[in-house]
Amino acid sequence: MTAGWSVDERCTNCDVARQVAPELIREVDGRSEIVRQPRDAAEERLLFAAAFACHTRSIRPASGRLDDARDPYPLPVDDAVLFCGHNSPRNAGANAYLLRRPSGSLMMVDTPRWSEPLAARYEGIGQVTDVLLTHRDHAAHGRRYADRLGARLWIHEGDLDAAPDADRVLRGTESMEIGDGVLAHPLPGHTRGSVLYIADERYCFSGDSFYWSRTTGDIEVADSVTWYSIEELAASLARTAERLRFEWLLPGHGDRKHLPAAEMAQRMRALTARTATLEPRPVDFTALRW
C-alpha cells in the first residue's frame, strides 16, 4: 500500500474528498485533513478516488505523484449514474455525472475538468447526446465537451451569458421534458438561471440549489452562498418542490443521498418551509454546513 498520504495547503474545503473517503478524510479547522492512513487495499483505493476527484490535486501520497493507473473514474453511483470525478477548478470544484439512458446513450450533467483522455473515456462508455448545465458556475467546459462528443449543450436563459453559444436554451420557470424520462425544472435562486434535472422519477441533479448535509443529516440550501436571491429560491421551491419525485439526490456541491421517494418528498416539503424563513446574508463559504 501507498503510505504517507497528506493534504496540502491548496485545499479549498470543497468537501468532495470527504464525500469519497469519509472515514479517512475529515474537516479540520476549515480544510480537509487525512485523519488516518489506509489500513488495506480497499481504503487505499478510496484515497486514490479522493485524490483524482480533488480539484486542486491537494491529496497526495508520500511520493507526491499520482499514478494514472490508479484513476478509478467514472465510478458508478447506481445502475444508471456514474460520478465523473476529476472536479474542475474552473467549475468551482463541482461534481459532475453521467446519466445512462435506456437506449445506451448518456447525458452529462455539468462537467469535470477538460481533458481529451477523459472525453475519450466517456465516449467509450456510450454516445453522449446532451451536456446539461445546472447553472453558470459549472459552465466552463460545457462547450468543449459538447463539441468533442457531438452533444447538445443546455443552459437556462438566466445564465445564458455563461454559455452564450448553447444549443438549447431553457426559458421561464415552467418544467420541460428534454428527453425521454428527463425533466428540467428551472429553479432560480442560487443563480438567476439555476436548473435541476430529474431523470426517471429517481435521480435529482440539483446543481447548487440544495444538497445533503452530513452535519445536519438533512437536505439543505446553501443560503450562505447564494449569488442571486434566497427569496427567489424560496419561491422556486414553493412552486416546484411538490412536483418533484426522486430517490437519489445528486448535487454539484455537498453530499449525495439515497432515500425512499416518499421520505425525499417529506424532506423537500420541510426544506421548502425552512427556506421560506431565511433572509439574505453576505456570501460566506466558511458557513457551509457540509
# chains A, B, ... in the order shown; residues from 1 in each chain; ligands from 1
call {"tool": "select_by_dssp", "arguments": {"residues": "stretch 99-159 of chain A", "states": "strand (DSSP E or B)", "output": "count of residues only"}}
result
16
call {"tool": "closest_atom_pairs", "arguments": {"of": "stretch 98-120 of chain A", "to": "stretch 138-152 of chain A", "cutoff": "10 Å", "atoms": "only C-alpha atoms", "output": "Markdown table"}}
result
| residue | atom | partner | partner_atom | distance |
| --- | --- | --- | --- | --- |
| A:Leu106 | CA | A:Ala151 | CA | 9.8 |
| A:Met107 | CA | A:Ala151 | CA | 8.6 |
| A:Met108 | CA | A:Tyr145 | CA | 9.1 |
| A:Val109 | CA | A:Gly142 | CA | 9.5 |
| A:Asp110 | CA | A:His138 | CA | 6.0 |
| A:Thr111 | CA | A:His141 | CA | 6.3 |
| A:Pro112 | CA | A:His141 | CA | 7.7 |
| A:Arg113 | CA | A:His141 | CA | 7.0 |
| A:Trp114 | CA | A:His141 | CA | 6.2 |
| A:Ser115 | CA | A:Tyr145 | CA | 9.0 |
| A:Glu116 | CA | A:Arg148 | CA | 8.5 |
| A:Leu118 | CA | A:Tyr145 | CA | 9.7 |
| A:Ala119 | CA | A:Tyr145 | CA | 7.0 |
| A:Ala120 | CA | A:Leu149 | CA | 8.5 |
call {"tool": "residues_around", "arguments": {"residues": "stretch 19-36 of chain A", "least_positions_apart": "6", "cutoff": "9 Å", "atoms": "only C-alpha atoms", "output": "list in words"}}
result
Trp5, Ser6, Val7, Asp8, Glu9, Cys11, Thr12, Asn13, Glu43, Leu46, Leu47, Ala49, Ala50, Ala53, Ile59, Gly254, Asp255, Arg256 and Thr286 of chain A
call {"tool": "residues_around", "arguments": {"residues": "A:Glu231", "least_positions_apart": "3", "cutoff": "10 Å", "atoms": "only C-alpha atoms", "output": "PDB file with all heavy atoms, in the first residue's frame"}}
result
ATOM      1  N   PRO A 188     -34.703  29.302 -10.188  1.00  0.00           N
ATOM      2  CA  PRO A 188     -33.907  30.492  -9.877  1.00  0.00           C
ATOM      3  C   PRO A 188     -33.770  30.702  -8.377  1.00  0.00           C
ATOM      4  O   PRO A 188     -34.709  30.462  -7.618  1.00  0.00           O
ATOM      5  CB  PRO A 188     -34.688  31.623 -10.544  1.00  0.00           C
ATOM      6  CG  PRO A 188     -36.043  31.081 -10.840  1.00  0.00           C
ATOM      7  CD  PRO A 188     -35.881  29.613 -11.016  1.00  0.00           C
ATOM      8  N   GLY A 189     -32.584  31.115  -7.984  1.00  0.00           N
ATOM      9  CA  GLY A 189     -32.307  31.341  -6.570  1.00  0.00           C
ATOM     10  C   GLY A 189     -30.820  31.384  -6.328  1.00  0.00           C
ATOM     11  O   GLY A 189     -30.249  32.444  -6.097  1.00  0.00           O
ATOM     12  N   HIS A 190     -30.159  30.220  -6.397  1.00  0.00           N
ATOM     13  CA  HIS A 190     -28.691  30.218  -6.247  1.00  0.00           C
ATOM     14  C   HIS A 190     -28.070  31.135  -7.296  1.00  0.00           C
ATOM     15  O   HIS A 190     -27.193  31.935  -6.998  1.00  0.00           O
ATOM     16  CB  HIS A 190     -28.146  28.801  -6.370  1.00  0.00           C
ATOM     17  CG  HIS A 190     -26.656  28.725  -6.320  1.00  0.00           C
ATOM     18  ND1 HIS A 190     -25.935  28.919  -5.165  1.00  0.00           N
ATOM     19  CD2 HIS A 190     -25.749  28.501  -7.305  1.00  0.00           C
ATOM     20  CE1 HIS A 190     -24.644  28.821  -5.435  1.00  0.00           C
ATOM     21  NE2 HIS A 190     -24.505  28.559  -6.721  1.00  0.00           N
ATOM     22  N   TYR A 228     -27.753  34.939  -6.285  1.00  0.00           N
ATOM     23  CA  TYR A 228     -28.870  35.713  -6.838  1.00  0.00           C
ATOM     24  C   TYR A 228     -29.838  36.138  -5.743  1.00  0.00           C
ATOM     25  O   TYR A 228     -29.865  37.303  -5.357  1.00  0.00           O
ATOM     26  CB  TYR A 228     -29.565  34.905  -7.936  1.00  0.00           C
ATOM     27  CG  TYR A 228     -30.789  35.568  -8.534  1.00  0.00           C
ATOM     28  CD1 TYR A 228     -30.802  36.924  -8.859  1.00  0.00           C
ATOM     29  CD2 TYR A 228     -31.951  34.822  -8.775  1.00  0.00           C
ATOM     30  CE1 TYR A 228     -31.939  37.519  -9.397  1.00  0.00           C
ATOM     31  CE2 TYR A 228     -33.079  35.405  -9.323  1.00  0.00           C
ATOM     32  CZ  TYR A 228     -33.072  36.757  -9.631  1.00  0.00           C
ATOM     33  OH  TYR A 228     -34.197  37.339 -10.162  1.00  0.00           O
ATOM     34  N   ALA A 234     -36.596  30.430  -2.335  1.00  0.00           N
ATOM     35  CA  ALA A 234     -37.756  30.013  -1.549  1.00  0.00           C
ATOM     36  C   ALA A 234     -39.001  29.949  -2.428  1.00  0.00           C
ATOM     37  O   ALA A 234     -39.797  28.992  -2.337  1.00  0.00           O
ATOM     38  CB  ALA A 234     -37.973  30.977  -0.380  1.00  0.00           C
ATOM     39  N   ALA A 235     -39.182  30.939  -3.281  1.00  0.00           N
ATOM     40  CA  ALA A 235     -40.342  30.949  -4.178  1.00  0.00           C
ATOM     41  C   ALA A 235     -40.262  29.799  -5.183  1.00  0.00           C
ATOM     42  O   ALA A 235     -41.282  29.166  -5.507  1.00  0.00           O
ATOM     43  CB  ALA A 235     -40.425  32.287  -4.903  1.00  0.00           C
ATOM     44  N   SER A 236     -39.063  29.524  -5.678  1.00  0.00           N
ATOM     45  CA  SER A 236     -38.888  28.418  -6.625  1.00  0.00           C
ATOM     46  C   SER A 236     -39.244  27.085  -5.989  1.00  0.00           C
ATOM     47  O   SER A 236     -39.917  26.244  -6.597  1.00  0.00           O
ATOM     48  CB  SER A 236     -37.443  28.385  -7.129  1.00  0.00           C
ATOM     49  OG  SER A 236     -37.128  29.521  -7.893  1.00  0.00           O
ATOM     50  N   LEU A 237     -38.785  26.871  -4.758  1.00  0.00           N
ATOM     51  CA  LEU A 237     -39.103  25.625  -4.063  1.00  0.00           C
ATOM     52  C   LEU A 237     -40.603  25.515  -3.801  1.00  0.00           C
ATOM     53  O   LEU A 237     -41.199  24.442  -3.970  1.00  0.00           O
ATOM     54  CB  LEU A 237     -38.320  25.546  -2.753  1.00  0.00           C
ATOM     55  CG  LEU A 237     -36.821  25.281  -2.891  1.00  0.00           C
ATOM     56  CD1 LEU A 237     -36.125  25.456  -1.549  1.00  0.00           C
ATOM     57  CD2 LEU A 237     -36.545  23.898  -3.450  1.00  0.00           C
ATOM     58  N   THR A 275     -36.715  27.193   4.095  1.00  0.00           N
ATOM     59  CA  THR A 275     -36.135  28.196   3.206  1.00  0.00           C
ATOM     60  C   THR A 275     -36.977  29.462   3.180  1.00  0.00           C
ATOM     61  O   THR A 275     -36.451  30.568   3.048  1.00  0.00           O
ATOM     62  CB  THR A 275     -35.958  27.618   1.789  1.00  0.00           C
ATOM     63  OG1 THR A 275     -35.212  26.401   1.858  1.00  0.00           O
ATOM     64  CG2 THR A 275     -35.216  28.591   0.882  1.00  0.00           C
ATOM     65  N   ALA A 276     -38.289  29.330   3.342  1.00  0.00           N
ATOM     66  CA  ALA A 276     -39.181  30.494   3.348  1.00  0.00           C
ATOM     67  C   ALA A 276     -38.894  31.432   4.514  1.00  0.00           C
ATOM     68  O   ALA A 276     -39.273  32.605   4.479  1.00  0.00           O
ATOM     69  CB  ALA A 276     -40.633  30.034   3.389  1.00  0.00           C
ATOM     70  N   THR A 277     -38.209  30.945   5.545  1.00  0.00           N
ATOM     71  CA  THR A 277     -37.912  31.780   6.713  1.00  0.00           C
ATOM     72  C   THR A 277     -36.552  32.450   6.627  1.00  0.00           C
ATOM     73  O   THR A 277     -36.215  33.270   7.486  1.00  0.00           O
ATOM     74  CB  THR A 277     -37.955  30.933   8.003  1.00  0.00           C
ATOM     75  OG1 THR A 277     -36.841  30.027   8.028  1.00  0.00           O
ATOM     76  CG2 THR A 277     -39.249  30.146   8.103  1.00  0.00           C
ATOM     77  N   LEU A 278     -35.756  32.109   5.618  1.00  0.00           N
ATOM     78  CA  LEU A 278     -34.389  32.626   5.530  1.00  0.00           C
ATOM     79  C   LEU A 278     -34.376  34.036   4.960  1.00  0.00           C
ATOM     80  O   LEU A 278     -35.214  34.403   4.137  1.00  0.00           O
ATOM     81  CB  LEU A 278     -33.542  31.701   4.651  1.00  0.00           C
ATOM     82  CG  LEU A 278     -33.365  30.269   5.170  1.00  0.00           C
ATOM     83  CD1 LEU A 278     -32.590  29.440   4.153  1.00  0.00           C
ATOM     84  CD2 LEU A 278     -32.669  30.248   6.528  1.00  0.00           C
ATOM     85  N   GLU A 279     -33.397  34.795   5.396  1.00  0.00           N
ATOM     86  CA  GLU A 279     -33.209  36.163   4.915  1.00  0.00           C
ATOM     87  C   GLU A 279     -31.865  36.271   4.218  1.00  0.00           C
ATOM     88  O   GLU A 279     -30.957  35.473   4.464  1.00  0.00           O
ATOM     89  CB  GLU A 279     -33.285  37.142   6.092  1.00  0.00           C
ATOM     90  CG  GLU A 279     -34.644  37.158   6.781  1.00  0.00           C
ATOM     91  CD  GLU A 279     -34.695  38.158   7.911  1.00  0.00           C
ATOM     92  OE1 GLU A 279     -33.638  38.751   8.237  1.00  0.00           O
ATOM     93  OE2 GLU A 279     -35.795  38.350   8.476  1.00  0.00           O
ATOM     94  N   PRO A 280     -31.713  37.260   3.329  1.00  0.00           N
ATOM     95  CA  PRO A 280     -30.433  37.436   2.638  1.00  0.00           C
ATOM     96  C   PRO A 280     -29.287  37.626   3.630  1.00  0.00           C
ATOM     97  O   PRO A 280     -29.465  38.226   4.695  1.00  0.00           O
ATOM     98  CB  PRO A 280     -30.661  38.701   1.806  1.00  0.00           C
ATOM     99  CG  PRO A 280     -32.137  38.793   1.647  1.00  0.00           C
ATOM    100  CD  PRO A 280     -32.727  38.244   2.906  1.00  0.00           C
TER     101      PRO A 280
END
call {"tool": "closest_residue", "arguments": {"among": "A:Val169, A:Leu271, A:Leu187, A:Ala261", "to": "A:Glu232", "atoms": "only C-alpha atoms"}}
result
A:Leu187
call {"tool": "closest_atom_pairs", "arguments": {"of": "stretch 157-263 of chain A", "to": "stretch 78-96 of chain A", "cutoff": "12 Å", "atoms": "only C-alpha atoms", "output": "Markdown table"}}
result
| residue | atom | partner | partner_atom | distance |
| --- | --- | --- | --- | --- |
| A:Ala162 | CA | A:Asn91 | CA | 11.4 |
| A:Ala199 | CA | A:Ala80 | CA | 9.7 |
| A:Asp200 | CA | A:Ala80 | CA | 10.0 |
| A:Arg202 | CA | A:Ala80 | CA | 9.8 |
| A:Tyr203 | CA | A:Val81 | CA | 8.4 |
| A:Cys204 | CA | A:Val81 | CA | 10.8 |
| A:Phe205 | CA | A:Ala96 | CA | 9.3 |
| A:Ser206 | CA | A:Asn95 | CA | 10.7 |
| A:Gly207 | CA | A:Ala94 | CA | 8.5 |
| A:Asp208 | CA | A:Ala94 | CA | 8.9 |
| A:Tyr211 | CA | A:Asn95 | CA | 11.6 |
| A:Glu247 | CA | A:Asp78 | CA | 11.1 |
| A:Trp248 | CA | A:Asp78 | CA | 9.1 |
| A:Leu249 | CA | A:Val81 | CA | 11.4 |
| A:Leu250 | CA | A:Asn95 | CA | 8.6 |
| A:Pro251 | CA | A:Asn95 | CA | 7.1 |
| A:Gly252 | CA | A:Asn95 | CA | 4.7 |
| A:His253 | CA | A:Ala94 | CA | 5.7 |
| A:Gly254 | CA | A:Asn95 | CA | 8.9 |
| A:Asp255 | CA | A:Asn95 | CA | 9.7 |
| A:Arg256 | CA | A:Asn95 | CA | 10.1 |
| A:Lys257 | CA | A:Asp78 | CA | 11.3 |
| A:His258 | CA | A:Asp78 | CA | 9.7 |
call {"tool": "residues_around", "arguments": {"residues": "A:Thr216", "least_positions_apart": "4", "cutoff": "10 Å", "atoms": "only C-alpha atoms", "output": "number ranges by chain"}}
result
A: 212, 220, 289-290
call {"tool": "residues_around", "arguments": {"residues": "A:Arg171", "least_positions_apart": "4", "cutoff": "10 Å", "atoms": "only C-alpha atoms", "output": "ChimeraX atom specification"}}
result
/A:155-158,175-176,186,193
call {"tool": "write_last_selection", "arguments": {"atoms": "C-alpha atoms", "output": "mmCIF file, in the first residue's frame"}}
result
data_model
loop_
_atom_site.group_PDB
_atom_site.id
_atom_site.type_symbol
_atom_site.label_atom_id
_atom_site.label_comp_id
_atom_site.auth_asym_id
_atom_site.auth_seq_id
_atom_site.Cartn_x
_atom_site.Cartn_y
_atom_site.Cartn_z
ATOM 1 C CA ILE A 155 -28.441 26.118 -20.153
ATOM 2 C CA HIS A 156 -31.187 28.408 -18.833
ATOM 3 C CA GLU A 157 -31.634 31.885 -20.274
ATOM 4 C CA GLY A 158 -30.984 33.416 -16.850
ATOM 5 C CA SER A 175 -40.789 22.497 -16.284
ATOM 6 C CA MET A 176 -39.854 20.937 -19.598
ATOM 7 C CA PRO A 186 -35.918 25.935 -13.662
ATOM 8 C CA GLY A 193 -30.628 30.597 -14.265
#
call {"tool": "atom_distance", "arguments": {"atom1": "atom CA of A:Ala42", "atom2": "atom CA of A:Ala17"}}
result
15.5 Å
call {"tool": "closest_residue", "arguments": {"among": "A:Arg121, A:Arg192, A:Arg101, A:Arg70", "to": "A:Thr226", "atoms": "only C-alpha atoms"}}
result
A:Arg192
call {"tool": "closest_residue", "arguments": {"among": "A:Thr272, A:Glu242, A:Val195, A:Asp180", "to": "A:Ile219", "atoms": "only C-alpha atoms"}}
result
A:Thr272
call {"tool": "closest_residue", "arguments": {"among": "A:Phe246, A:Phe52, A:Trp154, A:Tyr197", "to": "A:Met264", "atoms": "only C-alpha atoms"}}
result
A:Phe246
call {"tool": "atom_distance", "arguments": {"atom1": "atom CA of A:Gly64", "atom2": "atom CA of A:Ala51"}}
result
11.1 Å
call {"tool": "select_by_dssp", "arguments": {"residues": "stretch 16-249 of chain A", "states": "helix (DSSP H, G or I)", "output": "MDAnalysis selection string"}}
result
chainID A and resid 16:20 41:53 68:70 89:91 116:125 136:138 142:149 157:162 223:225 230:243
call {"tool": "atom_distance", "arguments": {"atom1": "atom CA of A:Glu177", "atom2": "atom CA of A:Ser213"}}
result
28.9 Å
call {"tool": "closest_residue", "arguments": {"among": "A:Ser194, A:Thr215, A:Ser58, A:Ser224", "to": "A:Val283", "atoms": "only C-alpha atoms"}}
result
A:Ser224
call {"tool": "closest_residue", "arguments": {"among": "A:Arg245, A:Arg60, A:Arg274, A:His185", "to": "A:Thr134", "atoms": "only C-alpha atoms"}}
result
A:His185
